[in-house]
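Since the structure comes first, as structure tokens, the remarks are kept for the end.
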Amino acid sequence: FDVDRFNGYVEEWPLEWPGIVSTYATTSTAATSRLTRMGLDDPLRSVIEEEILRDAPLAYYTMGEAELGTKAADSSGRAAESAVPIASALPTFGTATGPTTDDLTAATFPSSTGPRLRAGGFSATLNGVGFWLACSGTLSSAVQILRITDPAASGAALRVNMFPGPDSIVLNFNGFADVSATFACDGTVRHVFVQQSGADVNLYIDGVLAATAVATTLGAFKEVYIGPDSPGAGVDLTFAHLAVFDTAPSSARIADHALAGSTGFAGETAVTRLARYAAYAGIASADYLFSASALTPMAHIDTAGQTPLALMQRVAETDGGVLYDGRRGLLTYKDRTVRYNATATVTLFVYSSEVEANYAPKLDRSALINKVNAALSDDP
């Protein structure tokens with residue numbers, strides 16, 4: 001016999017099981033679809049936040065606090081400490097602009113005062129750190145802008161410095177040589193990521209590999225310092241979306257972080273966008289089936305405040321397809337080309353009495369298929 005599995009949301013469960021015997025009992029339950037369950041999901045954050053959170057950072061500081069804020073709160077969901085000032089000088093929250101694909105602000109660290117934030121309480125191995133950074137002004141001297149360290153150790157797991165002439169990002173590791181990449185102080189917000197990759201450490205700028213430190217290990221850490229180590233370097237720094245990882249994202253995921261903040265994935269196909277929203281909803285790839293031919297280019301859509309279901313339905317509307325619950329429990333999307341030139345399996349003619357005159361087709365719950373069972377009158 002054939003069994004269809006339904007994965008859905010059970011609305012009620014019986015308190016009594018009538019007709020029970022020693023081996024089984026039967027009862028009716030009310031259930032709704034995966035689509036209905038998705039409609040109950042909490043609204044999403046911005047696309048850049050969702051992409052970073054997909055990689056489970058150990059600590060995540062969006063730097064999007066309101067004006068007059070005094071510290072950067074953690075958004076990782078892993079209970080990291082807030083980043084707080086280590087002196088009287090404070091960064092400026094609520095006025096600067098970070099990546100263009102969200103409506104969060106960024107934190108400015110003026111050169112004149114040299115504010116610095118510290119977050120402690122960690123006990124982990126550093127395997128990656130990413131952030132959005134802009135600098136403006138004329139860099140007059142070298143300045144350390146990020147330090148991740150274990151105070152009990154002889155050196156830092158990672159120091160991120162900036163050097164003038166030409167302006168550049170320089171990574172320094174405990175006991176290892178520096179590596180660097182050009183980074184212009186022209187006010188442009190760029191994505192920076194430092195990744196432990198096997199026995200090497202990679203530096204990415206805007207999702208592109210810029211430098212590699214061979215045979216280098218970032219190591220253990222307990223504290224994170226954000227901002228210049230001293231005032232007077234000549235440039236104001238703007239930080240946004242700083243995330244620290246104990247498990248390194250892949251190079252493809254780092255590229256996605258950069259794209260999330262720069263383009264919001266504008267131009268990706270409908271099927272790719274649906275898979276992305278499914279990931280945001282926590283739906284495994286084995287639990288959905290999306291048409292590979294759904295190739296309509298999608299614009300950037302601000303995900304903040306919207307549910308995954310609402311976003312998927314918007315993609316379906318743009319592409320002209322249908323999103324529905326498949327009969328095997330899979331979240332299914334069929335693009336509009338399914339309706340084009342479909343080959344008929346069988347043709348029945350009403351005028352030849354092959355179908356009763358009062359037959360009326362009805363849509364099934366998927367809104368796609370009319371199912372007809374028929375037999376010849378003289379069929380044995």
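So you can find residues: chains in the structure tokens are A, B, ... in the order shown, residues in each start at 1, and ligands are numbered from 1 in order.
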Considering only C-alpha atoms, tabulate each residue of stretch 214-243 of chain A that lies at most 9 Å from stretch 182-200 of chain A along with its nearest interatomic pair and the corresponding distance in Å to one decimal; arrange the rows by chain and ascending residue number and present them as a Markdown table.
| residue | atom | partner | partner_atom | distance |
| --- | --- | --- | --- | --- |
| A:Val214 | CA | A:Asp200 | CA | 4.7 |
| A:Ala215 | CA | A:Asp200 | CA | 5.0 |
| A:Thr216 | CA | A:Asp200 | CA | 5.0 |
| A:Thr217 | CA | A:Ala199 | CA | 6.5 |
| A:Leu218 | CA | A:Gln196 | CA | 6.9 |
| A:Val235 | CA | A:Cys185 | CA | 7.6 |
| A:Leu237 | CA | A:Gly187 | CA | 8.9 |
| A:Thr238 | CA | A:Val189 | CA | 8.0 |
| A:Phe239 | CA | A:Val189 | CA | 8.8 |
Just the number, please: distance in Å from atom CA of A:Ala292 to atom CA of A:Ala278, one decimal.
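Separating atom CA of A:Ala292 from atom CA of A:Ala278 is a distance of 15.0 Å.
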- Message: With DSSP run on the backbone, what are the strand (DSSP E) residues within stretch 241-370 of chain A? I'd like them as a PyMOL selection string.
- Response: chain A and resi 241-245+288-290+322-325+331-334
Find the residues around A:Val271 up to 12 Å (only C-alpha atoms counted), leave out those fewer than 6 positions away in its own chain, and share them as a PDB file with N, CA, C and O atoms, in the first residue's frame.
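Below is the file that was written, part_39.pdb:
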ATOM      1  N   TYR A 277      15.580  32.028   1.892  1.00  0.00           N
ATOM      2  CA  TYR A 277      14.538  32.274   2.885  1.00  0.00           C
ATOM      3  C   TYR A 277      14.199  31.004   3.661  1.00  0.00           C
ATOM      4  O   TYR A 277      13.855  31.057   4.849  1.00  0.00           O
ATOM      5  N   ALA A 278      14.268  29.853   2.994  1.00  0.00           N
ATOM      6  CA  ALA A 278      14.044  28.589   3.690  1.00  0.00           C
ATOM      7  C   ALA A 278      15.101  28.392   4.778  1.00  0.00           C
ATOM      8  O   ALA A 278      14.792  27.928   5.888  1.00  0.00           O
ATOM      9  N   TYR A 288      12.380  20.652   1.257  1.00  0.00           N
ATOM     10  CA  TYR A 288      11.723  21.472   0.245  1.00  0.00           C
ATOM     11  C   TYR A 288      12.122  21.015  -1.155  1.00  0.00           C
ATOM     12  O   TYR A 288      13.157  20.361  -1.356  1.00  0.00           O
ATOM     13  N   LEU A 289      11.277  21.369  -2.110  1.00  0.00           N
ATOM     14  CA  LEU A 289      11.517  21.046  -3.514  1.00  0.00           C
ATOM     15  C   LEU A 289      11.117  22.265  -4.337  1.00  0.00           C
ATOM     16  O   LEU A 289       9.927  22.558  -4.503  1.00  0.00           O
ATOM     17  N   PHE A 290      12.110  22.976  -4.848  1.00  0.00           N
ATOM     18  CA  PHE A 290      11.870  24.196  -5.600  1.00  0.00           C
ATOM     19  C   PHE A 290      12.291  23.985  -7.062  1.00  0.00           C
ATOM     20  O   PHE A 290      13.336  23.378  -7.331  1.00  0.00           O
ATOM     21  N   SER A 291      11.509  24.487  -7.987  1.00  0.00           N
ATOM     22  CA  SER A 291      11.816  24.342  -9.414  1.00  0.00           C
ATOM     23  C   SER A 291      13.156  24.981  -9.757  1.00  0.00           C
ATOM     24  O   SER A 291      13.365  26.174  -9.516  1.00  0.00           O
ATOM     25  N   ALA A 292      14.045  24.184 -10.340  1.00  0.00           N
ATOM     26  CA  ALA A 292      15.349  24.704 -10.751  1.00  0.00           C
ATOM     27  C   ALA A 292      15.221  25.714 -11.878  1.00  0.00           C
ATOM     28  O   ALA A 292      16.144  26.504 -12.121  1.00  0.00           O
ATOM     29  N   SER A 293      14.097  25.708 -12.586  1.00  0.00           N
ATOM     30  CA  SER A 293      13.893  26.617 -13.712  1.00  0.00           C
ATOM     31  C   SER A 293      13.295  27.958 -13.298  1.00  0.00           C
ATOM     32  O   SER A 293      12.945  28.768 -14.160  1.00  0.00           O
ATOM     33  N   ALA A 294      13.170  28.195 -11.989  1.00  0.00           N
ATOM     34  CA  ALA A 294      12.679  29.492 -11.506  1.00  0.00           C
ATOM     35  C   ALA A 294      13.837  30.480 -11.510  1.00  0.00           C
ATOM     36  O   ALA A 294      14.534  30.659 -10.512  1.00  0.00           O
ATOM     37  N   LEU A 295      14.064  31.096 -12.653  1.00  0.00           N
ATOM     38  CA  LEU A 295      15.285  31.881 -12.863  1.00  0.00           C
ATOM     39  C   LEU A 295      15.043  33.386 -12.959  1.00  0.00           C
ATOM     40  O   LEU A 295      15.925  34.130 -13.385  1.00  0.00           O
ATOM     41  N   THR A 296      13.876  33.854 -12.570  1.00  0.00           N
ATOM     42  CA  THR A 296      13.612  35.295 -12.585  1.00  0.00           C
ATOM     43  C   THR A 296      14.577  36.010 -11.642  1.00  0.00           C
ATOM     44  O   THR A 296      14.700  35.637 -10.477  1.00  0.00           O
ATOM     45  N   PRO A 297      15.296  37.048 -12.112  1.00  0.00           N
ATOM     46  CA  PRO A 297      16.190  37.792 -11.213  1.00  0.00           C
ATOM     47  C   PRO A 297      15.388  38.541 -10.155  1.00  0.00           C
ATOM     48  O   PRO A 297      14.372  39.165 -10.453  1.00  0.00           O
ATOM     49  N   MET A 298      15.864  38.486  -8.925  1.00  0.00           N
ATOM     50  CA  MET A 298      15.171  39.127  -7.816  1.00  0.00           C
ATOM     51  C   MET A 298      15.913  40.381  -7.366  1.00  0.00           C
ATOM     52  O   MET A 298      17.142  40.408  -7.336  1.00  0.00           O
ATOM     53  N   MET A 312       8.654  34.487   0.872  1.00  0.00           N
ATOM     54  CA  MET A 312       8.550  33.453  -0.162  1.00  0.00           C
ATOM     55  C   MET A 312       7.368  33.722  -1.088  1.00  0.00           C
ATOM     56  O   MET A 312       7.463  33.538  -2.309  1.00  0.00           O
ATOM     57  N   VAL A 315       8.285  36.293  -3.581  1.00  0.00           N
ATOM     58  CA  VAL A 315       9.086  35.725  -4.665  1.00  0.00           C
ATOM     59  C   VAL A 315       8.184  34.994  -5.658  1.00  0.00           C
ATOM     60  O   VAL A 315       8.330  35.139  -6.877  1.00  0.00           O
ATOM     61  N   ALA A 316       7.243  34.192  -5.130  1.00  0.00           N
ATOM     62  CA  ALA A 316       6.325  33.457  -5.996  1.00  0.00           C
ATOM     63  C   ALA A 316       5.507  34.402  -6.870  1.00  0.00           C
ATOM     64  O   ALA A 316       5.285  34.142  -8.058  1.00  0.00           O
ATOM     65  N   THR A 318       6.387  37.419  -7.832  1.00  0.00           N
ATOM     66  CA  THR A 318       7.272  38.029  -8.838  1.00  0.00           C
ATOM     67  C   THR A 318       7.585  37.054  -9.960  1.00  0.00           C
ATOM     68  O   THR A 318       7.604  37.423 -11.135  1.00  0.00           O
ATOM     69  N   ASP A 319       7.811  35.795  -9.612  1.00  0.00           N
ATOM     70  CA  ASP A 319       8.194  34.792 -10.600  1.00  0.00           C
ATOM     71  C   ASP A 319       6.982  34.222 -11.339  1.00  0.00           C
ATOM     72  O   ASP A 319       7.131  33.596 -12.389  1.00  0.00           O
ATOM     73  N   GLY A 321       4.881  31.884 -10.091  1.00  0.00           N
ATOM     74  CA  GLY A 321       4.677  30.479  -9.778  1.00  0.00           C
ATOM     75  C   GLY A 321       3.769  30.289  -8.581  1.00  0.00           C
ATOM     76  O   GLY A 321       3.073  31.212  -8.151  1.00  0.00           O
ATOM     77  N   LEU A 323       3.584  28.478  -4.616  1.00  0.00           N
ATOM     78  CA  LEU A 323       4.219  27.870  -3.450  1.00  0.00           C
ATOM     79  C   LEU A 323       3.143  27.113  -2.686  1.00  0.00           C
ATOM     80  O   LEU A 323       2.099  27.669  -2.359  1.00  0.00           O
ATOM     81  N   THR A 332       6.901  23.012  -1.498  1.00  0.00           N
ATOM     82  CA  THR A 332       7.122  22.872  -2.946  1.00  0.00           C
ATOM     83  C   THR A 332       6.851  24.185  -3.661  1.00  0.00           C
ATOM     84  O   THR A 332       5.909  24.903  -3.323  1.00  0.00           O
ATOM     85  N   TYR A 333       7.699  24.475  -4.657  1.00  0.00           N
ATOM     86  CA  TYR A 333       7.473  25.642  -5.511  1.00  0.00           C
ATOM     87  C   TYR A 333       7.568  25.204  -6.967  1.00  0.00           C
ATOM     88  O   TYR A 333       8.554  24.572  -7.370  1.00  0.00           O
ATOM     89  N   LYS A 334       6.534  25.521  -7.734  1.00  0.00           N
ATOM     90  CA  LYS A 334       6.527  25.289  -9.166  1.00  0.00           C
ATOM     91  C   LYS A 334       6.499  26.638  -9.877  1.00  0.00           C
ATOM     92  O   LYS A 334       5.625  27.463  -9.616  1.00  0.00           O
ATOM     93  N   ASP A 335       7.471  26.857 -10.767  1.00  0.00           N
ATOM     94  CA  ASP A 335       7.500  28.142 -11.464  1.00  0.00           C
ATOM     95  C   ASP A 335       6.493  28.135 -12.610  1.00  0.00           C
ATOM     96  O   ASP A 335       5.896  27.104 -12.936  1.00  0.00           O
TER      97      ASP A 335
END
